[in-house]
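Q: Input structure: entry-v3.txt, which contains compact mmCIF, C-alpha atoms.
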# COMPACT_ATOMS: atom_id res chain seq x y z
CA MET A 165 -6.64 7.63 -3.68
CA LEU A 166 -8.52 4.66 -2.32
CA ASP A 167 -10.66 5.39 0.74
CA ILE A 168 -8.39 8.02 2.25
CA VAL A 169 -8.44 11.77 2.70
CA PRO A 170 -5.43 14.06 3.13
CA THR A 171 -3.36 13.34 6.23
CA ALA A 172 -3.54 16.89 7.57
CA ASP A 173 -7.33 16.83 7.26
CA VAL A 174 -7.55 13.56 9.17
CA TRP A 175 -5.54 14.92 12.08
CA ASP A 176 -7.11 18.41 12.01
CA ARG A 177 -10.57 16.83 12.29
CA ALA A 178 -9.63 13.90 14.56
CA ASP A 179 -12.19 13.05 17.20
CA ALA A 180 -13.54 10.04 19.08
CA ARG A 181 -14.88 8.54 15.84
CA LEU A 182 -11.36 8.33 14.42
CA ALA A 183 -9.77 7.14 17.66
CA LEU A 184 -12.33 4.35 18.04
CA GLY A 185 -13.28 3.61 14.43
CA TYR A 186 -9.85 3.71 12.81
CA TRP A 187 -7.72 2.96 15.85
CA PRO A 188 -4.48 2.36 13.84
CA TRP A 189 -4.13 6.14 13.38
CA SER A 190 -3.80 6.66 17.13
CA LEU A 191 -2.48 3.32 18.40
CA LEU A 192 0.17 2.62 15.78
CA ALA A 193 1.53 6.17 15.96
CA GLN A 194 2.57 5.63 19.59
CA ALA A 195 6.27 5.34 20.45
CA GLU A 196 7.86 1.95 20.03
CA PRO A 197 7.82 -0.74 21.23
CA LEU A 198 4.19 -0.70 22.45
CA PRO A 199 2.35 -0.90 19.10
CA GLU A 200 4.87 -3.30 17.59
CA THR A 201 4.50 -5.57 20.65
CA ILE A 202 0.71 -5.52 20.40
CA MET A 203 0.76 -6.11 16.65
CA THR A 204 3.11 -9.07 16.70
CA ALA A 205 1.39 -10.66 19.72
CA ALA A 206 -2.20 -10.21 18.54
CA ALA A 207 -1.90 -10.35 14.76
CA ASP A 208 -5.00 -12.51 14.24
CA ALA A 209 -7.17 -10.22 16.36
CA ILE A 210 -5.91 -7.14 14.54
CA VAL A 211 -6.58 -8.65 11.11
CA ASP A 212 -10.04 -9.87 12.15
CA ASN A 213 -10.94 -6.45 13.58
CA ALA A 214 -9.78 -4.51 10.52
CA LEU A 215 -11.23 -6.84 7.92
CA ALA A 216 -14.61 -7.15 9.65
CA GLY A 217 -14.94 -3.79 11.36
CA TRP A 218 -14.42 -1.20 8.65
CA GLY A 219 -17.57 -1.79 6.64
CA SER A 220 -16.26 -4.60 4.47
CA SER A 221 -17.79 -8.03 4.19
CA PRO A 222 -15.73 -10.66 6.03
CA ALA A 223 -16.47 -12.97 3.09
CA ALA A 224 -14.22 -10.80 0.89
CA PHE A 225 -11.19 -12.26 2.64
CA PRO A 226 -10.75 -16.04 2.50
CA ALA A 227 -8.99 -17.77 5.39
CA GLU A 228 -5.70 -18.04 3.51
CA VAL A 229 -5.68 -14.27 2.85
CA ARG A 230 -6.40 -13.51 6.49
CA GLN A 231 -3.60 -15.88 7.47
CA ALA A 232 -1.14 -14.19 5.11
CA TYR A 233 -1.96 -10.78 6.61
CA ALA A 234 -1.54 -12.13 10.15
CA GLU A 235 1.79 -13.76 9.31
CA ALA A 236 3.06 -10.45 7.93
CA LEU A 237 2.01 -8.65 11.12
CA ARG A 238 3.83 -11.21 13.27
CA ASP A 239 7.10 -10.27 11.58
CA PRO A 240 8.78 -7.62 13.78
CA ALA A 241 10.28 -5.83 10.78
CA HIS A 242 6.89 -5.57 9.06
CA ALA A 243 5.19 -4.45 12.27
CA HIS A 244 7.83 -1.78 12.81
CA ALA A 245 7.52 -0.50 9.22
CA ILE A 246 3.74 -0.25 9.52
CA CYS A 247 4.04 1.66 12.79
CA GLU A 248 6.62 4.00 11.28
CA GLU A 249 4.13 4.86 8.54
CA TYR A 250 1.54 5.89 11.13
CA ARG A 251 4.16 7.75 13.18
CA ALA A 252 5.14 9.70 10.09
CA ALA A 253 1.49 10.53 9.38
CA ALA A 254 1.13 11.94 12.89
CA THR A 255 4.33 13.99 12.69
CA LEU A 256 6.41 14.57 9.56
CA ASP A 257 3.66 14.03 6.98
CA ARG A 258 1.35 16.34 8.90
CA GLU A 259 4.07 19.00 9.13
CA HIS A 260 4.73 18.71 5.38
CA ASP A 261 1.01 19.02 4.61
CA GLN A 262 0.75 22.12 6.80
CA ALA A 263 3.82 23.67 5.13
CA ASP A 264 2.40 22.91 1.67
CA ARG A 265 -0.94 24.45 2.60
CA LYS A 266 0.73 27.56 4.03
CA ALA A 267 2.88 27.94 0.90
CA GLY A 268 -0.14 27.47 -1.37
CA ARG A 269 1.27 24.33 -3.00
CA ARG A 270 -1.30 22.10 -4.66
CA ILE A 271 -1.32 18.74 -6.41
CA GLY A 272 -1.11 19.59 -10.09
CA CYS A 273 -1.65 16.21 -11.73
CA PRO A 274 -5.10 14.72 -12.28
CA MET A 275 -6.18 12.46 -9.44
CA LEU A 276 -8.91 9.96 -8.78
CA ALA A 277 -10.42 9.75 -5.31
CA LEU A 278 -12.58 6.72 -4.55
CA TRP A 279 -14.20 6.01 -1.20
CA SER A 280 -16.37 3.32 0.30
CA GLY A 281 -20.13 3.45 0.51
CA HIS A 282 -20.15 1.46 3.76
CA GLY A 283 -17.09 3.04 5.34
CA ALA A 284 -16.67 6.10 7.47
CA LEU A 285 -15.27 8.76 5.13
CA ALA A 286 -18.48 10.00 3.53
CA GLU A 287 -20.25 10.16 6.90
CA TRP A 288 -17.39 11.65 8.92
CA TYR A 289 -16.63 14.34 6.35
CA ALA A 290 -20.17 15.05 5.12
CA ARG A 291 -20.17 18.55 6.60
CA GLU A 292 -17.12 19.36 4.46
CA GLY A 293 -18.75 17.94 1.31
CA GLY A 294 -17.21 14.46 1.50
CA PRO A 295 -13.90 13.05 0.31
CA LEU A 296 -13.99 14.73 -3.11
CA ALA A 297 -14.44 18.17 -1.55
CA LEU A 298 -11.51 17.58 0.81
CA TRP A 299 -9.23 16.48 -2.02
CA ARG A 300 -10.30 19.47 -4.12
CA GLU A 301 -8.87 21.71 -1.39
CA TRP A 302 -5.48 20.14 -2.18
CA ALA A 303 -5.60 19.42 -5.91
CA ASP A 304 -6.65 21.16 -9.10
CA ASP A 305 -8.18 18.21 -10.99
CA VAL A 306 -9.98 15.65 -8.81
CA SER A 307 -12.61 13.22 -10.01
CA GLY A 308 -14.49 10.29 -8.56
CA GLY A 309 -14.96 8.51 -11.87
CA VAL A 310 -18.03 8.50 -14.11
CA SER A 311 -20.57 8.12 -11.32
CA GLY A 312 -18.50 10.13 -8.85
CA GLY A 313 -20.20 8.49 -5.90
CA PRO A 314 -19.04 6.04 -3.29
CA MET A 315 -17.85 2.56 -4.18
CA PRO A 316 -19.86 -0.47 -3.13
CA GLY A 317 -18.48 -2.06 0.01
CA GLY A 318 -16.41 -0.98 2.96
CA HIS A 319 -12.83 0.22 3.42
CA PHE A 320 -11.51 -2.76 1.46
CA PHE A 321 -13.82 -2.14 -1.52
CA PRO A 322 -11.18 -3.18 -4.11
CA GLU A 323 -11.42 -6.71 -2.73
CA GLU A 324 -15.22 -6.57 -2.44
CA ALA A 325 -15.94 -4.90 -5.77
CA PRO A 326 -12.94 -5.56 -8.02
CA ALA A 327 -14.83 -5.09 -11.30
CA GLU A 328 -16.27 -1.72 -10.28
CA THR A 329 -12.89 -0.59 -8.92
CA ALA A 330 -11.14 -1.66 -12.11
CA ALA A 331 -13.77 0.15 -14.21
CA ARG A 332 -13.24 3.45 -12.37
CA LEU A 333 -9.47 3.08 -12.57
CA GLY A 334 -9.73 2.23 -16.27
CA GLU A 335 -11.86 5.31 -16.95
CA PHE A 336 -9.39 7.50 -15.12
CA PHE A 337 -6.31 6.15 -16.83
CA ALA A 338 -8.06 6.30 -20.21
CA GLY A 339 -8.37 10.04 -19.71
CA TYR A 340 -11.95 10.48 -18.46
CA ARG A 341 -12.60 13.93 -16.99
CA PRO A 342 -15.94 15.09 -15.63
Is it possible to express this structure as structure tokens?
A:
Amino acid sequence: MLDIVPTADVWDRADARLALGYWPWSLLAQAEPLPETIMTAAADAIVDNALAGWGSSPAAFPAEVRQAYAEALRDPAHAHAICEEYRAAATLDREHDQADRKAGRRIGCPMLALWSGHGALAEWYAREGGPLALWREWADDVSGGVSGGPMPGGHFFPEEAPAETAARLGEFFAGYRP
């Protein structure tokens, strides 16, 4: 898992920080066509906001990468698919998570949870013990890699710190267990 926590936990703990800090969760989950219309009409603004506003260095995304993201968001089919993902998170995914929790179902395979050092997850979920603690409520074998701490960078840390991200992924897939 890269800089995310379980969907049910996001919605159960949603507050103004989420609504303002990670606005896609609330805006893109709205009924169509509003979010699709906004996304296709203001693709550059959306990309600039996300790439610069979630703790990542704007320098991690060259102009041609930003342009490719914006072009994808201008495509109505892509915009709709993205919105459907957020709609599912707010409805069906949340319901499935709640049913799994009620039934006592857990993730049985080993999992790696990485989160950003300059993003919101560690701060927003500090009271709960951070992202690893949240995932451990859902899974039996959760690690954060050898160091187990946050990754350098913001939400898009794989682009900002590719070597460190690859090292943690390599450790995990090589069978490292704390």
Q: Between segment 252-285 of chain A and segment 299-309 of chain A, at 9 Å or less, what are the per-residue closest atom pairs and their distances in Å? Count only C-alpha atoms, order by chain and rising residue number, and return it as a Markdown table.
A:
| residue | atom | partner | partner_atom | distance |
| --- | --- | --- | --- | --- |
| A:Arg265 | CA | A:Trp302 | CA | 7.9 |
| A:Arg269 | CA | A:Trp302 | CA | 8.0 |
| A:Arg270 | CA | A:Ala303 | CA | 5.2 |
| A:Ile271 | CA | A:Ala303 | CA | 4.4 |
| A:Gly272 | CA | A:Asp304 | CA | 5.8 |
| A:Cys273 | CA | A:Asp305 | CA | 6.9 |
| A:Pro274 | CA | A:Asp305 | CA | 4.8 |
| A:Met275 | CA | A:Val306 | CA | 5.0 |
| A:Leu276 | CA | A:Ser307 | CA | 5.1 |
| A:Ala277 | CA | A:Gly308 | CA | 5.2 |
| A:Leu278 | CA | A:Gly308 | CA | 5.7 |
| A:Trp279 | CA | A:Gly308 | CA | 8.5 |
Q: Please provide the set of residues having any atom within 9 Å of Met203 of chain A, restricted to only C-alpha atoms, with same-chain residues fewer than 6 positions apart removed, written as a ChimeraX atom specification.
A: /A:192,209-210,237-238,240,243
Q: Find the residue from A:Glu287, A:Gly334, A:Gly268, A:Ala236 that sits nearest to Ala207 of chain A; use all atoms listed in the file when measuring.
A: A:Ala236
Q: Just how far from atom CA of Trp189 of chain A is atom CA of Phe225 of chain A, in Å to one decimal?
A: 22.4 Å
Q: Quick one: residues within 9 Å of Cys247 of chain A, all atoms listed in the file counted, chain neighbours fewer than 5 positions away excluded, as JSON, numbers by chain?
A: {"A": [188, 191, 192, 193, 194, 195, 196, 199, 200, 242, 252]}
Q: Would you save the residues of that selection, restricted to C-alpha atoms, as a CSV table (one decimal), keeping the file's coordinate frame?
A:
chain,number,residue,atom,x,y,z
A,188,PRO,CA,-4.5,2.4,13.8
A,191,LEU,CA,-2.5,3.3,18.4
A,192,LEU,CA,0.2,2.6,15.8
A,193,ALA,CA,1.5,6.2,16.0
A,194,GLN,CA,2.6,5.6,19.6
A,195,ALA,CA,6.3,5.3,20.4
A,196,GLU,CA,7.9,2.0,20.0
A,199,PRO,CA,2.4,-0.9,19.1
A,200,GLU,CA,4.9,-3.3,17.6
A,242,HIS,CA,6.9,-5.6,9.1
A,252,ALA,CA,5.1,9.7,10.1
Q: Using all atoms listed in the file, which of A:Met165, A:Ala330, A:Val229, A:Val211 sits nearest Leu296 of chain A?
A: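 The shortest atom-to-atom distance to Leu296 of chain A comes from A:Met165.
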Q: Taking all atoms listed in the file into account, which of A:Ala267, A:Leu333, A:Ala254, A:Ala327 comes nearest Asp176 of chain A?
A: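 Of the candidates, the smallest distance to Asp176 of chain A is held by A:Ala254.
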Q: Rank A:Leu285, A:Ala297, A:Ile246, A:Ala331 by their smallest atom-to-atom distance to Gly219 of chain A, using only C-alpha atoms, and report the top residue only.
A: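 Of the candidates, the smallest distance to Gly219 of chain A is held by A:Leu285.
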Q: Taking only C-alpha atoms into account, which of A:Phe336, A:Phe320, A:Trp288, A:Tyr250 comes nearest Trp187 of chain A?
A: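 With only C-alpha atoms as the atom set, the closest residue is A:Tyr250.
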Q: The residues within 12 Å of (-18.6, 11.2, 9.1), using all atoms listed in the file and the coordinates of the file, should be reported as an MDAnalysis selection string; which are they?
A: chainID A and resid 174 177:182 185 281:295
Q: Could those selected residues go to a file with C-alpha atoms, as a PDB file, in the coordinates of the input?
A:
ATOM      1  CA  VAL A 174      -7.550  13.560   9.170  1.00  0.00           C
ATOM      2  CA  ARG A 177     -10.570  16.830  12.290  1.00  0.00           C
ATOM      3  CA  ALA A 178      -9.630  13.900  14.560  1.00  0.00           C
ATOM      4  CA  ASP A 179     -12.190  13.050  17.200  1.00  0.00           C
ATOM      5  CA  ALA A 180     -13.540  10.040  19.080  1.00  0.00           C
ATOM      6  CA  ARG A 181     -14.880   8.540  15.840  1.00  0.00           C
ATOM      7  CA  LEU A 182     -11.360   8.330  14.420  1.00  0.00           C
ATOM      8  CA  GLY A 185     -13.280   3.610  14.430  1.00  0.00           C
ATOM      9  CA  GLY A 281     -20.130   3.450   0.510  1.00  0.00           C
ATOM     10  CA  HIS A 282     -20.150   1.460   3.760  1.00  0.00           C
ATOM     11  CA  GLY A 283     -17.090   3.040   5.340  1.00  0.00           C
ATOM     12  CA  ALA A 284     -16.670   6.100   7.470  1.00  0.00           C
ATOM     13  CA  LEU A 285     -15.270   8.760   5.130  1.00  0.00           C
ATOM     14  CA  ALA A 286     -18.480  10.000   3.530  1.00  0.00           C
ATOM     15  CA  GLU A 287     -20.250  10.160   6.900  1.00  0.00           C
ATOM     16  CA  TRP A 288     -17.390  11.650   8.920  1.00  0.00           C
ATOM     17  CA  TYR A 289     -16.630  14.340   6.350  1.00  0.00           C
ATOM     18  CA  ALA A 290     -20.170  15.050   5.120  1.00  0.00           C
ATOM     19  CA  ARG A 291     -20.170  18.550   6.600  1.00  0.00           C
ATOM     20  CA  GLU A 292     -17.120  19.360   4.460  1.00  0.00           C
ATOM     21  CA  GLY A 293     -18.750  17.940   1.310  1.00  0.00           C
ATOM     22  CA  GLY A 294     -17.210  14.460   1.500  1.00  0.00           C
ATOM     23  CA  PRO A 295     -13.900  13.050   0.310  1.00  0.00           C
TER      24      PRO A 295
END
Q: Enter the distance from atom CA of Trp175 of chain A to atom CA of Pro197 of chain A, in Å, rounded to one decimal.
A: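 Result for atom CA of Trp175 of chain A versus atom CA of Pro197 of chain A: 22.5 Å, one decimal.
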Q: Between atom CA of Pro316 of chain A and atom CA of Leu298 of chain A, measure the distance and give it in Å to one decimal.
A: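 Straight-line distance from atom CA of Pro316 of chain A to atom CA of Leu298 of chain A works out to 20.3 Å.
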